[in-house]
Amino acid sequence: MSDLTTTTAAGAGSGGTGGAGRAGASGDAGIDARLEGHRTELTGYCYRMLGSAFEAEDAVQDTLVRAWRNFDKFEGRSSLRSWLYRIATNVCLDMLKAGNKRARPVDLSGPTPLAQAALTPRPENVWLEPMPDGRVLPTVQDPAEAAVARESVRLAFVAALQHLPPKQRAVLILREVLAWKAAEVAELLETSVASVNSALQRARATLTEQAGRVPDAADPLDEEQQKLLERYVKAFEGYDMAALTALLHEDAVMTMPPFDLWLQGTSDITGFMTTIGAACAGSRLVPVSANGSPGFAHYKPDPEGAGFVPWAVQVIDVRDGAIAGMHCFLDVERWFPLFGLPERLPAGATGGE
């Protein structure tokens with residue numbers, strides 16, 4: 001069987017009809033290319049459904065393998081894209097039968113006062129995971145469509161989706177994010193238009209209950225946001241707590257999965273950084289794009305020698321012209337390869353702007 005993990009996604013369209021039988025290696029390559037052309041958007045869909053970067057990629061791989069094996073049976077009654085979404089939805093619904101839902105630290109408890117701060121890890125499958133933009137956001141020409149796609153992978157939105165039953169989650173993503181018609185969703189889920197509309201109404205109500213204060217749109221960055229992030233890099237790398245305090249929203253939060261601790265407010269955040277987190281003084285930040293937001297790969301000084309070693313992927317929330325959230329994902333053995341980041345930075349390396 002062809003290896004879909006290494007196939008080039010050249011020349012695949014967004015739709016497609018007909019299911020000509022496979023005709024040797026050249027036919028297999030053509031099928032691979034058509035299927036691979038949908039990988040990014042399918043990964044975005046599965047990520048919103050599952051809240052896990054790695055589970056989403058597993059789900060998409062399963063989807064494409066199933067499609068490859070059954071391509072001879074694809075009769076073109078719907079577009080190739082619709083057929084793939086049907087398979088992906090079924091894969092995700094099967095994976096969600098275990099009942100586990102991903103969360104952020106802020107979803108599980110109240111903030112911890114600095115005096116009581118303790119680093120208590122929870123299992124990997126508890127946490128909502130970060131995702132590089134390039135793996136979930138396909139290139140689109142329409143700025144409004146691109147903005148919806150970015151907002152729909154923000155950490156806060158994906159966390160809110162986790163409160164929905166799986167089929168409601170699918171309905172809301174297909175209708176509100178991907179702009180499918182109710183009849184198309186009903187056909188995919190093998191239900192009625194009335195059921196789809198009812199599920200969408202209930203899903204919207206739940207999301208309204210879960211909605212917090214929404215971060216500013218962050219990509220593409222406007223000039224003021226860019227300057228704010230440049231000042232953040234300078235303050236963080238210089239470990240200048242006074243400068244950092246000036247950039248933080250008064251109710252800013254700092255989270256650190258896999259630890260369930262989270263801090264709120266400038267004094268607790270900077271107090272943590274100068275006590276328990278003091279080893280991060282002198283760090284370097286390298287820009288990344290994650291979850292439709294600005295972010296940084298955080299490298300701290302190597303305690304055993306020169307240079308810098310991975311410490312966290314930071315996803316940054318900006319609200320009302322200030323830093324409102326610093327979400328630091330510490331499982332670097334998983335995140336740095338996912339983001340294509342180097343294993344270390346040499347001595348003398350400078351951070352990003």
# chains A, B, ... in the order shown; residues from 1 in each chain; ligands from 1
$ residues_around --residues "Leu207 (chain A)" --least-positions-apart "5" --cutoff "9 Å" --atoms "only C-alpha atoms" --output "PyMOL selection string"
chain A and resi 157+160-161+163-164+202
$ residues_around --residues "Leu93 (chain A)" --least-positions-apart "6" --cutoff "9 Å" --atoms "only C-alpha atoms" --output "PyMOL selection string"
chain A and resi 49+166-167+170
$ closest_residue --among "A:Glu224, A:Gln201, A:Arg34, A:Glu41" --to "Thr139 (chain A)" --atoms "only C-alpha atoms"
A:Glu41
$ closest_residue --among "A:Glu57, A:Glu129, A:Glu151, A:Asp317" --to "Ala103 (chain A)" --atoms "only C-alpha atoms"
A:Glu129
$ atom_distance --atom1 "CA of Lys227 (chain A)" --atom2 "CA of Leu338 (chain A)"
27.5 Å
$ select_by_dssp --residues "region 24-158 of chain A" --states "alpha helix (DSSP H)" --output "ChimeraX atom specification"
/A:24-36,39-50,53-69,80-95,105-108,133-136,143-151,155-158
$ write_last_selection --atoms "C-alpha atoms" --output "PDB file, in the first residue's frame"
ATOM      1  CA  GLY A  24      -0.586   0.559 -11.057  1.00  0.00           C
ATOM      2  CA  ALA A  25       2.020   2.869  -9.564  1.00  0.00           C
ATOM      3  CA  SER A  26       1.058   5.944 -11.578  1.00  0.00           C
ATOM      4  CA  GLY A  27      -2.585   5.558 -10.592  1.00  0.00           C
ATOM      5  CA  ASP A  28      -1.637   5.137  -6.936  1.00  0.00           C
ATOM      6  CA  ALA A  29       0.486   8.280  -7.067  1.00  0.00           C
ATOM      7  CA  GLY A  30      -2.404  10.248  -8.512  1.00  0.00           C
ATOM      8  CA  ILE A  31      -4.759   9.050  -5.790  1.00  0.00           C
ATOM      9  CA  ASP A  32      -2.165   9.846  -3.136  1.00  0.00           C
ATOM     10  CA  ALA A  33      -1.789  13.382  -4.443  1.00  0.00           C
ATOM     11  CA  ARG A  34      -5.541  13.988  -4.475  1.00  0.00           C
ATOM     12  CA  LEU A  35      -5.951  12.704  -0.928  1.00  0.00           C
ATOM     13  CA  GLU A  36      -2.873  14.492   0.409  1.00  0.00           C
ATOM     14  CA  ARG A  39      -4.466  16.844   4.713  1.00  0.00           C
ATOM     15  CA  THR A  40      -4.113  20.345   6.177  1.00  0.00           C
ATOM     16  CA  GLU A  41      -7.815  21.180   6.282  1.00  0.00           C
ATOM     17  CA  LEU A  42      -8.666  17.722   7.618  1.00  0.00           C
ATOM     18  CA  THR A  43      -6.050  18.121  10.345  1.00  0.00           C
ATOM     19  CA  GLY A  44      -7.642  21.431  11.321  1.00  0.00           C
ATOM     20  CA  TYR A  45     -11.042  19.765  11.503  1.00  0.00           C
ATOM     21  CA  CYS A  46      -9.805  16.820  13.563  1.00  0.00           C
ATOM     22  CA  TYR A  47      -7.819  19.130  15.855  1.00  0.00           C
ATOM     23  CA  ARG A  48     -10.932  21.156  16.638  1.00  0.00           C
ATOM     24  CA  MET A  49     -12.826  17.925  17.281  1.00  0.00           C
ATOM     25  CA  LEU A  50     -10.174  16.268  19.468  1.00  0.00           C
ATOM     26  CA  ALA A  53      -2.314  17.786  17.892  1.00  0.00           C
ATOM     27  CA  PHE A  54      -1.102  14.205  17.828  1.00  0.00           C
ATOM     28  CA  GLU A  55      -4.528  12.594  17.967  1.00  0.00           C
ATOM     29  CA  ALA A  56      -5.628  14.884  15.130  1.00  0.00           C
ATOM     30  CA  GLU A  57      -2.729  13.778  12.955  1.00  0.00           C
ATOM     31  CA  ASP A  58      -3.433  10.139  13.803  1.00  0.00           C
ATOM     32  CA  ALA A  59      -7.097  10.645  12.886  1.00  0.00           C
ATOM     33  CA  VAL A  60      -6.191  12.201   9.533  1.00  0.00           C
ATOM     34  CA  GLN A  61      -3.743   9.440   8.735  1.00  0.00           C
ATOM     35  CA  ASP A  62      -6.445   6.879   9.521  1.00  0.00           C
ATOM     36  CA  THR A  63      -8.876   8.830   7.328  1.00  0.00           C
ATOM     37  CA  LEU A  64      -6.527   8.923   4.352  1.00  0.00           C
ATOM     38  CA  VAL A  65      -5.605   5.259   4.669  1.00  0.00           C
ATOM     39  CA  ARG A  66      -9.292   4.278   4.789  1.00  0.00           C
ATOM     40  CA  ALA A  67      -9.969   6.476   1.759  1.00  0.00           C
ATOM     41  CA  TRP A  68      -7.038   4.993  -0.164  1.00  0.00           C
ATOM     42  CA  ARG A  69      -8.165   1.446   0.542  1.00  0.00           C
ATOM     43  CA  LEU A  80     -14.065  13.857  -2.732  1.00  0.00           C
ATOM     44  CA  ARG A  81     -13.794  16.511  -0.039  1.00  0.00           C
ATOM     45  CA  SER A  82     -17.223  15.677   1.394  1.00  0.00           C
ATOM     46  CA  TRP A  83     -16.401  11.968   1.341  1.00  0.00           C
ATOM     47  CA  LEU A  84     -13.176  12.572   3.254  1.00  0.00           C
ATOM     48  CA  TYR A  85     -14.954  14.706   5.851  1.00  0.00           C
ATOM     49  CA  ARG A  86     -17.489  11.916   6.353  1.00  0.00           C
ATOM     50  CA  ILE A  87     -14.676   9.441   7.016  1.00  0.00           C
ATOM     51  CA  ALA A  88     -12.814  11.898   9.270  1.00  0.00           C
ATOM     52  CA  THR A  89     -15.964  12.615  11.284  1.00  0.00           C
ATOM     53  CA  ASN A  90     -16.554   8.926  11.888  1.00  0.00           C
ATOM     54  CA  VAL A  91     -12.925   8.446  12.930  1.00  0.00           C
ATOM     55  CA  CYS A  92     -13.142  11.340  15.400  1.00  0.00           C
ATOM     56  CA  LEU A  93     -16.494  10.191  16.817  1.00  0.00           C
ATOM     57  CA  ASP A  94     -15.000   6.751  17.411  1.00  0.00           C
ATOM     58  CA  MET A  95     -12.006   8.288  19.168  1.00  0.00           C
ATOM     59  CA  PRO A 105      -5.501  24.558  33.501  1.00  0.00           C
ATOM     60  CA  VAL A 106      -7.905  27.496  33.750  1.00  0.00           C
ATOM     61  CA  ASP A 107     -10.798  25.128  32.972  1.00  0.00           C
ATOM     62  CA  LEU A 108     -10.032  22.781  35.870  1.00  0.00           C
ATOM     63  CA  ASP A 133      -0.637  27.082  12.256  1.00  0.00           C
ATOM     64  CA  GLY A 134       0.955  25.529   9.194  1.00  0.00           C
ATOM     65  CA  ARG A 135      -0.483  22.114  10.011  1.00  0.00           C
ATOM     66  CA  VAL A 136      -4.110  23.240  10.359  1.00  0.00           C
ATOM     67  CA  PRO A 143      -9.271  37.492   4.268  1.00  0.00           C
ATOM     68  CA  ALA A 144     -12.584  36.963   6.057  1.00  0.00           C
ATOM     69  CA  GLU A 145     -12.381  33.197   5.559  1.00  0.00           C
ATOM     70  CA  ALA A 146      -8.779  33.207   6.779  1.00  0.00           C
ATOM     71  CA  ALA A 147      -9.782  35.172   9.882  1.00  0.00           C
ATOM     72  CA  VAL A 148     -12.533  32.677  10.750  1.00  0.00           C
ATOM     73  CA  ALA A 149     -10.081  29.801  10.341  1.00  0.00           C
ATOM     74  CA  ARG A 150      -7.555  31.456  12.663  1.00  0.00           C
ATOM     75  CA  GLU A 151     -10.113  32.281  15.323  1.00  0.00           C
ATOM     76  CA  LEU A 155      -6.910  27.835  22.431  1.00  0.00           C
ATOM     77  CA  ALA A 156      -9.972  29.406  24.058  1.00  0.00           C
ATOM     78  CA  PHE A 157     -12.285  28.381  21.209  1.00  0.00           C
ATOM     79  CA  VAL A 158     -10.978  24.816  20.973  1.00  0.00           C
TER      80      VAL A 158
END
$ residues_around --residues "Tyr239 (chain A)" --least-positions-apart "3" --cutoff "9 Å" --atoms "only C-alpha atoms" --output "list in words"
Lys234, Ala235, Phe236, Ala242, Ala243, Leu244, Met273, Thr274, Cys280, Ala281, Gly282 and Ser283 of chain A
$ write_last_selection --atoms "N, CA, C and O atoms" --output "PDB file, in the first residue's frame"
ATOM      1  N   LYS A 234      11.978  41.571  24.587  1.00  0.00           N
ATOM      2  CA  LYS A 234      13.058  42.285  25.262  1.00  0.00           C
ATOM      3  C   LYS A 234      12.945  42.163  26.773  1.00  0.00           C
ATOM      4  O   LYS A 234      13.951  41.907  27.464  1.00  0.00           O
ATOM      5  N   ALA A 235      11.721  42.304  27.301  1.00  0.00           N
ATOM      6  CA  ALA A 235      11.529  42.222  28.751  1.00  0.00           C
ATOM      7  C   ALA A 235      11.770  40.806  29.245  1.00  0.00           C
ATOM      8  O   ALA A 235      12.409  40.601  30.294  1.00  0.00           O
ATOM      9  N   PHE A 236      11.271  39.806  28.513  1.00  0.00           N
ATOM     10  CA  PHE A 236      11.413  38.422  28.965  1.00  0.00           C
ATOM     11  C   PHE A 236      12.872  37.988  28.894  1.00  0.00           C
ATOM     12  O   PHE A 236      13.403  37.389  29.849  1.00  0.00           O
ATOM     13  N   ALA A 242       9.943  44.689  35.887  1.00  0.00           N
ATOM     14  CA  ALA A 242       9.220  45.964  35.817  1.00  0.00           C
ATOM     15  C   ALA A 242       8.708  46.205  34.403  1.00  0.00           C
ATOM     16  O   ALA A 242       7.553  46.594  34.193  1.00  0.00           O
ATOM     17  N   ALA A 243       9.562  45.940  33.411  1.00  0.00           N
ATOM     18  CA  ALA A 243       9.144  46.114  32.019  1.00  0.00           C
ATOM     19  C   ALA A 243       8.066  45.114  31.651  1.00  0.00           C
ATOM     20  O   ALA A 243       7.109  45.452  30.940  1.00  0.00           O
ATOM     21  N   LEU A 244       8.200  43.877  32.133  1.00  0.00           N
ATOM     22  CA  LEU A 244       7.186  42.862  31.833  1.00  0.00           C
ATOM     23  C   LEU A 244       5.851  43.231  32.454  1.00  0.00           C
ATOM     24  O   LEU A 244       4.795  43.104  31.813  1.00  0.00           O
ATOM     25  N   MET A 273       8.166  33.927  38.383  1.00  0.00           N
ATOM     26  CA  MET A 273       9.301  33.927  37.475  1.00  0.00           C
ATOM     27  C   MET A 273      10.618  34.200  38.192  1.00  0.00           C
ATOM     28  O   MET A 273      11.670  33.717  37.765  1.00  0.00           O
ATOM     29  N   THR A 274      10.572  34.939  39.294  1.00  0.00           N
ATOM     30  CA  THR A 274      11.805  35.267  40.011  1.00  0.00           C
ATOM     31  C   THR A 274      12.088  34.312  41.166  1.00  0.00           C
ATOM     32  O   THR A 274      13.108  34.454  41.839  1.00  0.00           O
ATOM     33  N   CYS A 280      14.954  30.509  34.397  1.00  0.00           N
ATOM     34  CA  CYS A 280      14.669  30.989  33.042  1.00  0.00           C
ATOM     35  C   CYS A 280      15.283  32.357  32.762  1.00  0.00           C
ATOM     36  O   CYS A 280      15.150  32.871  31.651  1.00  0.00           O
ATOM     37  N   ALA A 281      15.923  32.955  33.750  1.00  0.00           N
ATOM     38  CA  ALA A 281      16.606  34.225  33.504  1.00  0.00           C
ATOM     39  C   ALA A 281      17.646  34.031  32.414  1.00  0.00           C
ATOM     40  O   ALA A 281      18.366  33.031  32.384  1.00  0.00           O
ATOM     41  N   GLY A 282      17.695  34.983  31.490  1.00  0.00           N
ATOM     42  CA  GLY A 282      18.646  34.894  30.394  1.00  0.00           C
ATOM     43  C   GLY A 282      18.206  34.018  29.246  1.00  0.00           C
ATOM     44  O   GLY A 282      19.021  33.621  28.410  1.00  0.00           O
ATOM     45  N   SER A 283      16.928  33.715  29.168  1.00  0.00           N
ATOM     46  CA  SER A 283      16.399  32.849  28.117  1.00  0.00           C
ATOM     47  C   SER A 283      16.389  33.548  26.762  1.00  0.00           C
ATOM     48  O   SER A 283      16.618  34.764  26.658  1.00  0.00           O
TER      49      SER A 283
END
$ select_by_dssp --residues "region 198-320 of chain A" --states "strand (DSSP E)" --output "ChimeraX atom specification"
/A:248-256,259-264,284-290,293-301,308-319
$ closest_residue --among "A:Ala98, A:Val233, A:Ala306, A:Leu263" --to "Asn125 (chain A)" --atoms "only C-alpha atoms"
A:Ala98
$ residues_around --residues "Val193 (chain A)" --least-positions-apart "4" --cutoff "7 Å" --atoms "only C-alpha atoms" --output "VMD selection string"
chain A and resid 182 to 183 186 197
$ residues_around --residues "Trp262 (chain A)" --least-positions-apart "6" --cutoff "10 Å" --atoms "only C-alpha atoms" --output "number ranges by chain"
A: 104-106, 108-114, 117-119, 253-256, 268-269, 327
$ write_last_selection --atoms "C-alpha atoms" --output "PDB file, in the first residue's frame"
ATOM      1  CA  ARG A 104      -6.627  24.061  29.894  1.00  0.00           C
ATOM      2  CA  PRO A 105      -5.501  24.558  33.501  1.00  0.00           C
ATOM      3  CA  VAL A 106      -7.905  27.496  33.750  1.00  0.00           C
ATOM      4  CA  LEU A 108     -10.032  22.781  35.870  1.00  0.00           C
ATOM      5  CA  SER A 109      -9.538  25.004  38.904  1.00  0.00           C
ATOM      6  CA  GLY A 110      -9.173  28.527  40.177  1.00  0.00           C
ATOM      7  CA  PRO A 111      -5.858  30.398  40.093  1.00  0.00           C
ATOM      8  CA  THR A 112      -3.243  29.374  42.650  1.00  0.00           C
ATOM      9  CA  PRO A 113      -1.812  32.107  44.894  1.00  0.00           C
ATOM     10  CA  LEU A 114       1.948  32.340  44.547  1.00  0.00           C
ATOM     11  CA  ALA A 117       2.344  27.370  44.092  1.00  0.00           C
ATOM     12  CA  ALA A 118       3.310  23.742  43.546  1.00  0.00           C
ATOM     13  CA  LEU A 119       4.170  22.044  40.280  1.00  0.00           C
ATOM     14  CA  VAL A 253      -2.846  34.506  33.284  1.00  0.00           C
ATOM     15  CA  MET A 254       0.114  32.165  33.030  1.00  0.00           C
ATOM     16  CA  THR A 255      -0.417  28.436  32.487  1.00  0.00           C
ATOM     17  CA  MET A 256       2.157  25.652  32.342  1.00  0.00           C
ATOM     18  CA  ASP A 268       1.966  36.435  41.071  1.00  0.00           C
ATOM     19  CA  ILE A 269       3.289  35.903  37.536  1.00  0.00           C
ATOM     20  CA  HIS A 327       0.370  29.648  27.883  1.00  0.00           C
TER      21      HIS A 327
END
$ atom_distance --atom1 "CA of Pro121 (chain A)" --atom2 "CA of Asp260 (chain A)"
6.2 Å
$ atom_distance --atom1 "CA of Leu285 (chain A)" --atom2 "CA of Gln116 (chain A)"
28.1 Å
$ closest_residue --among "A:Glu184, A:Glu209, A:Asp72, A:Asp302" --to "Val196 (chain A)" --atoms "only C-alpha atoms"
A:Glu184
$ residues_around --residues "region 307-310 of chain A" --least-positions-apart "3" --cutoff "9 Å" --atoms "only C-alpha atoms" --output "number ranges by chain"
A: 283-284, 297-303, 313, 330, 332-333, 336, 342-349
$ decode --residues "region 291-308 of chain A" --atoms "N, CA, C and O atoms" --output "mmCIF file, in the first residue's frame"
data_model
loop_
_atom_site.group_PDB
_atom_site.id
_atom_site.type_symbol
_atom_site.label_atom_id
_atom_site.label_comp_id
_atom_site.auth_asym_id
_atom_site.auth_seq_id
_atom_site.Cartn_x
_atom_site.Cartn_y
_atom_site.Cartn_z
ATOM 1 N N ASN A 291 -1.904 28.082 16.935
ATOM 2 C CA ASN A 291 -3.306 28.307 17.288
ATOM 3 C C ASN A 291 -3.808 29.679 16.862
ATOM 4 O O ASN A 291 -4.556 30.334 17.588
ATOM 5 N N GLY A 292 -3.411 30.119 15.685
ATOM 6 C CA GLY A 292 -3.869 31.408 15.185
ATOM 7 C C GLY A 292 -3.393 32.582 16.002
ATOM 8 O O GLY A 292 -3.939 33.681 15.882
ATOM 9 N N SER A 293 -2.370 32.391 16.820
ATOM 10 C CA SER A 293 -1.878 33.395 17.762
ATOM 11 C C SER A 293 -0.371 33.541 17.618
ATOM 12 O O SER A 293 0.308 32.645 17.119
ATOM 13 N N PRO A 294 0.170 34.660 18.117
ATOM 14 C CA PRO A 294 1.624 34.742 18.188
ATOM 15 C C PRO A 294 2.143 33.792 19.259
ATOM 16 O O PRO A 294 1.429 33.441 20.204
ATOM 17 N N GLY A 295 3.362 33.357 19.102
ATOM 18 C CA GLY A 295 3.945 32.464 20.089
ATOM 19 C C GLY A 295 5.454 32.470 19.991
ATOM 20 O O GLY A 295 6.044 33.109 19.101
ATOM 21 N N PHE A 296 6.070 31.756 20.912
ATOM 22 C CA PHE A 296 7.521 31.708 20.956
ATOM 23 C C PHE A 296 7.976 30.334 21.413
ATOM 24 O O PHE A 296 7.345 29.705 22.264
ATOM 25 N N ALA A 297 9.093 29.894 20.836
ATOM 26 C CA ALA A 297 9.818 28.764 21.393
ATOM 27 C C ALA A 297 10.765 29.330 22.439
ATOM 28 O O ALA A 297 11.588 30.198 22.144
ATOM 29 N N HIS A 298 10.614 28.849 23.659
ATOM 30 C CA HIS A 298 11.380 29.368 24.794
ATOM 31 C C HIS A 298 12.554 28.422 25.062
ATOM 32 O O HIS A 298 12.356 27.257 25.406
ATOM 33 N N TYR A 299 13.762 28.953 24.908
ATOM 34 C CA TYR A 299 14.985 28.231 25.236
ATOM 35 C C TYR A 299 15.604 28.869 26.478
ATOM 36 O O TYR A 299 15.773 30.093 26.526
ATOM 37 N N LYS A 300 15.932 28.070 27.483
ATOM 38 C CA LYS A 300 16.577 28.622 28.673
ATOM 39 C C LYS A 300 18.064 28.243 28.664
ATOM 40 O O LYS A 300 18.475 27.309 27.961
ATOM 41 N N PRO A 301 18.880 28.979 29.442
ATOM 42 C CA PRO A 301 20.313 28.660 29.471
ATOM 43 C C PRO A 301 20.555 27.214 29.881
ATOM 44 O O PRO A 301 19.911 26.699 30.798
ATOM 45 N N ASP A 302 21.464 26.562 29.173
ATOM 46 C CA ASP A 302 21.805 25.181 29.480
ATOM 47 C C ASP A 302 22.510 25.133 30.834
ATOM 48 O O ASP A 302 23.591 25.729 30.983
ATOM 49 N N PRO A 303 21.935 24.454 31.827
ATOM 50 C CA PRO A 303 22.575 24.424 33.148
ATOM 51 C C PRO A 303 23.875 23.639 33.169
ATOM 52 O O PRO A 303 24.642 23.730 34.131
ATOM 53 N N GLU A 304 24.153 22.888 32.091
ATOM 54 C CA GLU A 304 25.345 22.048 32.066
ATOM 55 C C GLU A 304 26.421 22.563 31.119
ATOM 56 O O GLU A 304 27.428 21.887 30.897
ATOM 57 N N GLY A 305 26.219 23.741 30.560
ATOM 58 C CA GLY A 305 27.234 24.250 29.649
ATOM 59 C C GLY A 305 26.734 25.449 28.872
ATOM 60 O O GLY A 305 25.728 26.078 29.226
ATOM 61 N N ALA A 306 27.437 25.763 27.775
ATOM 62 C CA ALA A 306 27.086 26.923 26.966
ATOM 63 C C ALA A 306 25.857 26.639 26.109
ATOM 64 O O ALA A 306 25.509 25.492 25.849
ATOM 65 N N GLY A 307 25.219 27.704 25.673
ATOM 66 C CA GLY A 307 24.067 27.571 24.786
ATOM 67 C C GLY A 307 22.753 27.518 25.539
ATOM 68 O O GLY A 307 22.679 27.768 26.753
ATOM 69 N N PHE A 308 21.702 27.168 24.799
ATOM 70 C CA PHE A 308 20.340 27.216 25.324
ATOM 71 C C PHE A 308 19.610 25.923 24.963
ATOM 72 O O PHE A 308 19.795 25.380 23.880
#
